[in-house]
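*Asks:* This is the structure I want to talk about, given as C-alpha cells.
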Amino acid sequence: MVEWFRKFAAWFNLFPCPICKVGEGEGVNRFCPECRKELHRIPAPHCRGCGGELDGVLAVCSKCLAAPARPWVGAASVFEYRDLARKVLHDFKFHNFPELARPLGELAAEVMREENFHADLVVPVPLHYTRLFLRSYNQAGLFAAVTAKNLGIPFADALKRVKRGRRQSSLNRTERHRNPAGAFAVRHPERIAGKQILLVDDIFTTGATLTAAANALLKAGSGPVFVLTAARTPRYSR
Ligand SMILES: [Zn+2]
Ligand SMILES: [Zn+2]
C-alpha cells in the first residue's frame, strides 16, 4: 500500500480492528495491539499432535501422549480457544462474520512460516453441504484460502464429506470419539498425489475430524499431512 494512503487510512481509522472496532489495526483489517494481547497466541514449538502448547520436554503434550496416534507429521494452532479467541471464532463460525478470515489467515501464515514443513497444497476440512447451506459459508475453507494466499501456496477444496456425522459441538467427549465426523472422500486424487498437504480446520478439539480427513488424503495417495487450526481447546471438555 502506498504510504500516503496508509496515512490517510490511519487518520480516518478506515480499517479499524475487526474485533473491537475502535483500536487501529496494523495495516488493512488487522487486529489492534490490545486485542492481540488478549488472544492467547500459542508459542512455537507446537505440540506435534494437536498444535497446542507443549507442557514438557517431549514433542507432544501430555494430552496427546494419552491420545491415539495421529496420522500427520506435525500440527500448529494459532490461539488457545478461550476468552477473546473463543468469542472471535464463535462469531466467525456462527454469526456470518467472514471478514475475520483475513487477520486470522495472516496470523496463521506467520505461524506456518516458523514451522519446518513445506506444503505444496492447502486443503480445508469441508462442511457438510446442508450445514454449508444453513451457514452460507465454510469458515474453515475461507480461513484456509486466506492462509494459502498469504503463504503463496495453491489452495484446493479437495475433500468432500460422504456421510453426515452428528454436529460435533452437540456431543460429549466419548460420543465425539464414537462419531468421528463422518467419512471423507477426495475429489480429484490425481491433484493431491504425492503432494505435501497443509490440512486446515478452525478448531482442534479431539482431533477426530482431522484424523478422518487426513486418513482420506493419505489413502488417496497424498504425501505427508500437516494440520493447522485457528484454535486449540485447552481441555477436551466443551
Ligand atoms: Zn481491537
Ligand atoms: Zn498435544
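Labeling convention for the C-alpha cells: chains A, B, ... as they appear, residues from 1 per chain, ligands from 1 in order of appearance.
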Using 9 Å as the limit and counting only C-alpha atoms and all ligand atoms, can you tabulate each residue of chain A that touches ligand 1, with its shortest atom-to-atom distance in Å and the two atoms involved, as CSV?

*Replies:*
residue,atom,partner,partner_atom_place_in_ligand_line,distance
A:Pro16,CA,ligand 1,1 (Zn),7.6
A:Cys17,CA,ligand 1,1 (Zn),4.5
A:Pro18,CA,ligand 1,1 (Zn),6.6
A:Ile19,CA,ligand 1,1 (Zn),5.1
A:Cys20,CA,ligand 1,1 (Zn),4.1
A:Lys21,CA,ligand 1,1 (Zn),6.1
A:Val22,CA,ligand 1,1 (Zn),6.3
A:Gly23,CA,ligand 1,1 (Zn),4.6
A:Glu24,CA,ligand 1,1 (Zn),6.9
A:Gly25,CA,ligand 1,1 (Zn),7.1
A:Arg30,CA,ligand 1,1 (Zn),8.5
A:Phe31,CA,ligand 1,1 (Zn),5.4
A:Cys32,CA,ligand 1,1 (Zn),4.3
A:Pro33,CA,ligand 1,1 (Zn),6.8
A:Glu34,CA,ligand 1,1 (Zn),5.7
A:Cys35,CA,ligand 1,1 (Zn),4.3
A:Arg36,CA,ligand 1,1 (Zn),7.3

*Asks:* Listing only residues of chain A within 9 Å of ligand 2, what is the closest atom pair and its distance in Å (to one decimal) for each, using only C-alpha atoms and all ligand atoms, sorted by chain and residue number ascending, as CSV?

*Replies:*
residue,atom,partner,partner_atom_place_in_ligand_line,distance
A:His46,CA,ligand 2,1 (Zn),7.9
A:Cys47,CA,ligand 2,1 (Zn),4.7
A:Arg48,CA,ligand 2,1 (Zn),6.4
A:Gly49,CA,ligand 2,1 (Zn),4.6
A:Cys50,CA,ligand 2,1 (Zn),4.0
A:Gly51,CA,ligand 2,1 (Zn),6.0
A:Gly52,CA,ligand 2,1 (Zn),5.4
A:Glu53,CA,ligand 2,1 (Zn),7.0
A:Leu54,CA,ligand 2,1 (Zn),6.9
A:Asp55,CA,ligand 2,1 (Zn),8.8
A:Ala59,CA,ligand 2,1 (Zn),8.5
A:Val60,CA,ligand 2,1 (Zn),5.2
A:Cys61,CA,ligand 2,1 (Zn),4.1
A:Ser62,CA,ligand 2,1 (Zn),6.6
A:Lys63,CA,ligand 2,1 (Zn),5.5
A:Cys64,CA,ligand 2,1 (Zn),4.3
A:Leu65,CA,ligand 2,1 (Zn),7.4
A:Ala67,CA,ligand 2,1 (Zn),8.7
A:Ala75,CA,ligand 2,1 (Zn),8.6

*Asks:* Can I get the selection written as a tab-separated table (two decimals), in the first residue's frame, with all heavy atoms?

*Replies:*
chain	number	residue	atom	x	y	z
A	46	HIS	N	5.05	-25.98	18.60
A	46	HIS	CA	3.73	-26.50	18.93
A	46	HIS	C	3.78	-28.01	19.13
A	46	HIS	O	4.65	-28.68	18.59
A	46	HIS	CB	2.75	-26.20	17.79
A	46	HIS	CG	2.53	-24.75	17.57
A	46	HIS	ND1	3.34	-23.99	16.77
A	46	HIS	CD2	1.61	-23.91	18.07
A	46	HIS	CE1	2.91	-22.73	16.78
A	46	HIS	NE2	1.86	-22.65	17.56
A	47	CYS	N	2.81	-28.51	19.89
A	47	CYS	CA	2.68	-29.95	20.07
A	47	CYS	C	2.44	-30.58	18.70
A	47	CYS	O	1.59	-30.12	17.94
A	47	CYS	CB	1.52	-30.27	21.00
A	47	CYS	SG	1.03	-31.99	20.95
A	48	ARG	N	3.20	-31.62	18.41
A	48	ARG	CA	3.10	-32.27	17.09
A	48	ARG	C	1.75	-32.96	16.89
A	48	ARG	O	1.30	-33.21	15.79
A	48	ARG	CB	4.22	-33.30	16.97
A	48	ARG	CG	4.66	-33.56	15.56
A	48	ARG	CD	5.53	-34.78	15.48
A	48	ARG	NE	6.87	-34.55	16.02
A	48	ARG	CZ	7.71	-35.53	16.37
A	48	ARG	NH1	7.34	-36.79	16.26
A	48	ARG	NH2	8.91	-35.25	16.82
A	49	GLY	N	1.10	-33.29	18.02
A	49	GLY	CA	-0.18	-33.99	17.94
A	49	GLY	C	-1.37	-33.07	17.73
A	49	GLY	O	-2.26	-33.35	16.94
A	50	CYS	N	-1.39	-31.95	18.49
A	50	CYS	CA	-2.59	-31.11	18.47
A	50	CYS	C	-2.32	-29.66	18.10
A	50	CYS	O	-3.25	-28.88	17.94
A	50	CYS	CB	-3.28	-31.17	19.83
A	50	CYS	SG	-2.31	-30.40	21.15
A	51	GLY	N	-1.06	-29.27	18.00
A	51	GLY	CA	-0.75	-27.88	17.67
A	51	GLY	C	-0.82	-26.96	18.87
A	51	GLY	O	-0.60	-25.76	18.75
A	52	GLY	N	-1.15	-27.53	20.03
A	52	GLY	CA	-1.25	-26.72	21.25
A	52	GLY	C	0.10	-26.45	21.87
A	52	GLY	O	1.15	-26.71	21.27
A	53	GLU	N	0.04	-25.94	23.10
A	53	GLU	CA	1.28	-25.60	23.79
A	53	GLU	C	1.90	-26.86	24.39
A	53	GLU	O	1.20	-27.73	24.91
A	53	GLU	CB	0.96	-24.58	24.89
A	53	GLU	CG	2.20	-23.94	25.44
A	53	GLU	CD	1.91	-22.70	26.28
A	53	GLU	OE1	0.74	-22.27	26.37
A	53	GLU	OE2	2.88	-22.16	26.85
A	54	LEU	N	3.22	-26.94	24.34
A	54	LEU	CA	3.91	-28.08	24.94
A	54	LEU	C	4.01	-27.86	26.44
A	54	LEU	O	4.19	-26.74	26.90
A	54	LEU	CB	5.30	-28.24	24.33
A	54	LEU	CG	5.32	-28.72	22.88
A	54	LEU	CD1	6.74	-28.68	22.32
A	54	LEU	CD2	4.77	-30.14	22.77
A	55	ASP	N	3.87	-28.97	27.21
A	55	ASP	CA	3.95	-28.83	28.65
A	55	ASP	C	5.06	-29.69	29.25
A	55	ASP	O	5.04	-30.04	30.40
A	55	ASP	CB	2.59	-29.14	29.30
A	55	ASP	CG	1.99	-30.46	28.81
A	55	ASP	OD1	2.66	-31.16	28.03
A	55	ASP	OD2	0.86	-30.79	29.21
A	59	ALA	N	7.95	-33.86	22.21
A	59	ALA	CA	7.41	-33.14	21.06
A	59	ALA	C	5.89	-33.15	21.04
A	59	ALA	O	5.26	-32.52	20.20
A	59	ALA	CB	7.96	-33.74	19.77
A	60	VAL	N	5.28	-33.92	21.96
A	60	VAL	CA	3.82	-33.91	22.10
A	60	VAL	C	3.45	-33.54	23.53
A	60	VAL	O	4.21	-33.82	24.46
A	60	VAL	CB	3.15	-35.27	21.73
A	60	VAL	CG1	3.21	-35.51	20.24
A	60	VAL	CG2	3.76	-36.40	22.51
A	61	CYS	N	2.28	-32.94	23.69
A	61	CYS	CA	1.84	-32.54	25.02
A	61	CYS	C	1.31	-33.76	25.79
A	61	CYS	O	1.10	-34.82	25.21
A	61	CYS	CB	0.78	-31.45	24.92
A	61	CYS	SG	-0.82	-32.01	24.30
A	62	SER	N	1.06	-33.59	27.08
A	62	SER	CA	0.61	-34.73	27.89
A	62	SER	C	-0.75	-35.25	27.43
A	62	SER	O	-1.02	-36.44	27.53
A	62	SER	CB	0.57	-34.34	29.37
A	62	SER	OG	-0.12	-33.13	29.55
A	63	LYS	N	-1.62	-34.35	26.91
A	63	LYS	CA	-2.94	-34.80	26.43
A	63	LYS	C	-2.76	-35.71	25.22
A	63	LYS	O	-3.44	-36.71	25.07
A	63	LYS	CB	-3.79	-33.60	26.03
A	63	LYS	CG	-4.50	-32.93	27.19
A	63	LYS	CD	-5.13	-31.62	26.77
A	63	LYS	CE	-4.33	-30.46	27.27
A	63	LYS	NZ	-4.66	-29.19	26.64
A	64	CYS	N	-1.85	-35.34	24.31
A	64	CYS	CA	-1.64	-36.13	23.10
A	64	CYS	C	-0.92	-37.45	23.39
A	64	CYS	O	-1.12	-38.42	22.66
A	64	CYS	CB	-0.90	-35.32	22.06
A	64	CYS	SG	-1.95	-34.04	21.35
A	65	LEU	N	-0.11	-37.47	24.44
A	65	LEU	CA	0.56	-38.73	24.81
A	65	LEU	C	-0.48	-39.80	25.12
A	65	LEU	O	-0.29	-40.97	24.82
A	65	LEU	CB	1.43	-38.51	26.05
A	65	LEU	CG	2.91	-38.23	25.85
A	65	LEU	CD1	3.60	-38.15	27.20
A	65	LEU	CD2	3.56	-39.31	24.98
A	67	ALA	N	-3.56	-39.78	23.89
A	67	ALA	CA	-4.50	-39.92	22.78
A	67	ALA	C	-3.97	-40.93	21.76
A	67	ALA	O	-2.78	-41.24	21.75
A	67	ALA	CB	-4.69	-38.57	22.10
A	75	ALA	N	1.65	-30.45	13.71
A	75	ALA	CA	0.44	-29.64	13.87
A	75	ALA	C	0.81	-28.29	14.46
A	75	ALA	O	1.81	-28.16	15.16
A	75	ALA	CB	-0.56	-30.36	14.77

*Asks:* Report as an MDAnalysis selection string all protein, DNA and RNA residues lying within 6 Å of segment 185-192 of chain A, evaluated on only C-alpha atoms, omitting residues in the same chain fewer than 3 positions from it.

*Replies:* chainID A and resid 158:160 195 220 222

*Asks:* Quick one: write out the picked residues with N, CA, C and O atoms as a PDB file, in the first residue's frame?

*Replies:*
ATOM      1  N   ALA A 158     -10.168 -30.053  -1.861  1.00  0.00           N
ATOM      2  CA  ALA A 158     -10.026 -31.417  -2.377  1.00  0.00           C
ATOM      3  C   ALA A 158     -10.864 -32.467  -1.659  1.00  0.00           C
ATOM      4  O   ALA A 158     -11.054 -33.559  -2.178  1.00  0.00           O
ATOM      5  N   LEU A 159     -11.346 -32.143  -0.474  1.00  0.00           N
ATOM      6  CA  LEU A 159     -12.098 -33.137   0.295  1.00  0.00           C
ATOM      7  C   LEU A 159     -13.594 -32.879   0.245  1.00  0.00           C
ATOM      8  O   LEU A 159     -14.039 -31.730   0.160  1.00  0.00           O
ATOM      9  N   LYS A 160     -14.364 -33.954   0.311  1.00  0.00           N
ATOM     10  CA  LYS A 160     -15.811 -33.785   0.480  1.00  0.00           C
ATOM     11  C   LYS A 160     -16.301 -34.799   1.496  1.00  0.00           C
ATOM     12  O   LYS A 160     -15.696 -35.853   1.688  1.00  0.00           O
ATOM     13  N   LYS A 195       1.583 -34.998  -3.065  1.00  0.00           N
ATOM     14  CA  LYS A 195       1.731 -33.627  -2.572  1.00  0.00           C
ATOM     15  C   LYS A 195       1.766 -33.570  -1.049  1.00  0.00           C
ATOM     16  O   LYS A 195       1.040 -34.294  -0.368  1.00  0.00           O
ATOM     17  N   ALA A 220      -5.718 -41.679  -0.394  1.00  0.00           N
ATOM     18  CA  ALA A 220      -5.848 -41.313  -1.813  1.00  0.00           C
ATOM     19  C   ALA A 220      -4.482 -41.023  -2.446  1.00  0.00           C
ATOM     20  O   ALA A 220      -4.415 -40.627  -3.615  1.00  0.00           O
ATOM     21  N   SER A 222      -1.788 -38.959  -1.049  1.00  0.00           N
ATOM     22  CA  SER A 222      -1.076 -37.705  -0.782  1.00  0.00           C
ATOM     23  C   SER A 222       0.250 -37.986  -0.083  1.00  0.00           C
ATOM     24  O   SER A 222       0.471 -39.088   0.425  1.00  0.00           O
TER      25      SER A 222
END

*Asks:* My list of candidates is A:Ala183, A:Ile197, A:Pro68, A:Phe79. Which is closest to Ala108 of chain A when distances are computed with only C-alpha atoms?

*Replies:*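 Counting only C-alpha atoms, the residue closest to Ala108 of chain A is A:Phe79.
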
*Asks:* How far is it from atom CA of Phe143 of chain A to atom CA of Arg102 of chain A, in Å with one decimal?

*Replies:* 7.4 Å

*Asks:* By how many Å are atom CA of Pro43 of chain A and atom CA of Phe15 of chain A apart?

*Replies:*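 Between atom CA of Pro43 of chain A and atom CA of Phe15 of chain A the gap is 27.2 Å.
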
*Asks:* Rank nothing, just name the residue among A:Ala212, A:Leu218, A:Leu58, A:Ile42 nearest to Ala85 of chain A, using only C-alpha atoms.

*Replies:* A:Ile42

*Asks:* May I ask which of the residues A:Val162, A:Glu114, A:Ala66, A:Asn96 is the closest one to Pro126 of chain A, counting only C-alpha atoms?

*Replies:*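 The closest residue to Pro126 of chain A is A:Val162.
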
*Asks:* Which residues are near Leu198 of chain A? Cut-off 12 Å, only C-alpha atoms, ignore same chain within fewer than 6 positions. Put them as a PyMOL selection string.

*Replies:* chain A and resi 72-76+108-109+112+115+117-125+144-145+147-148+151+153-158+192+210+213-214+217+222-229
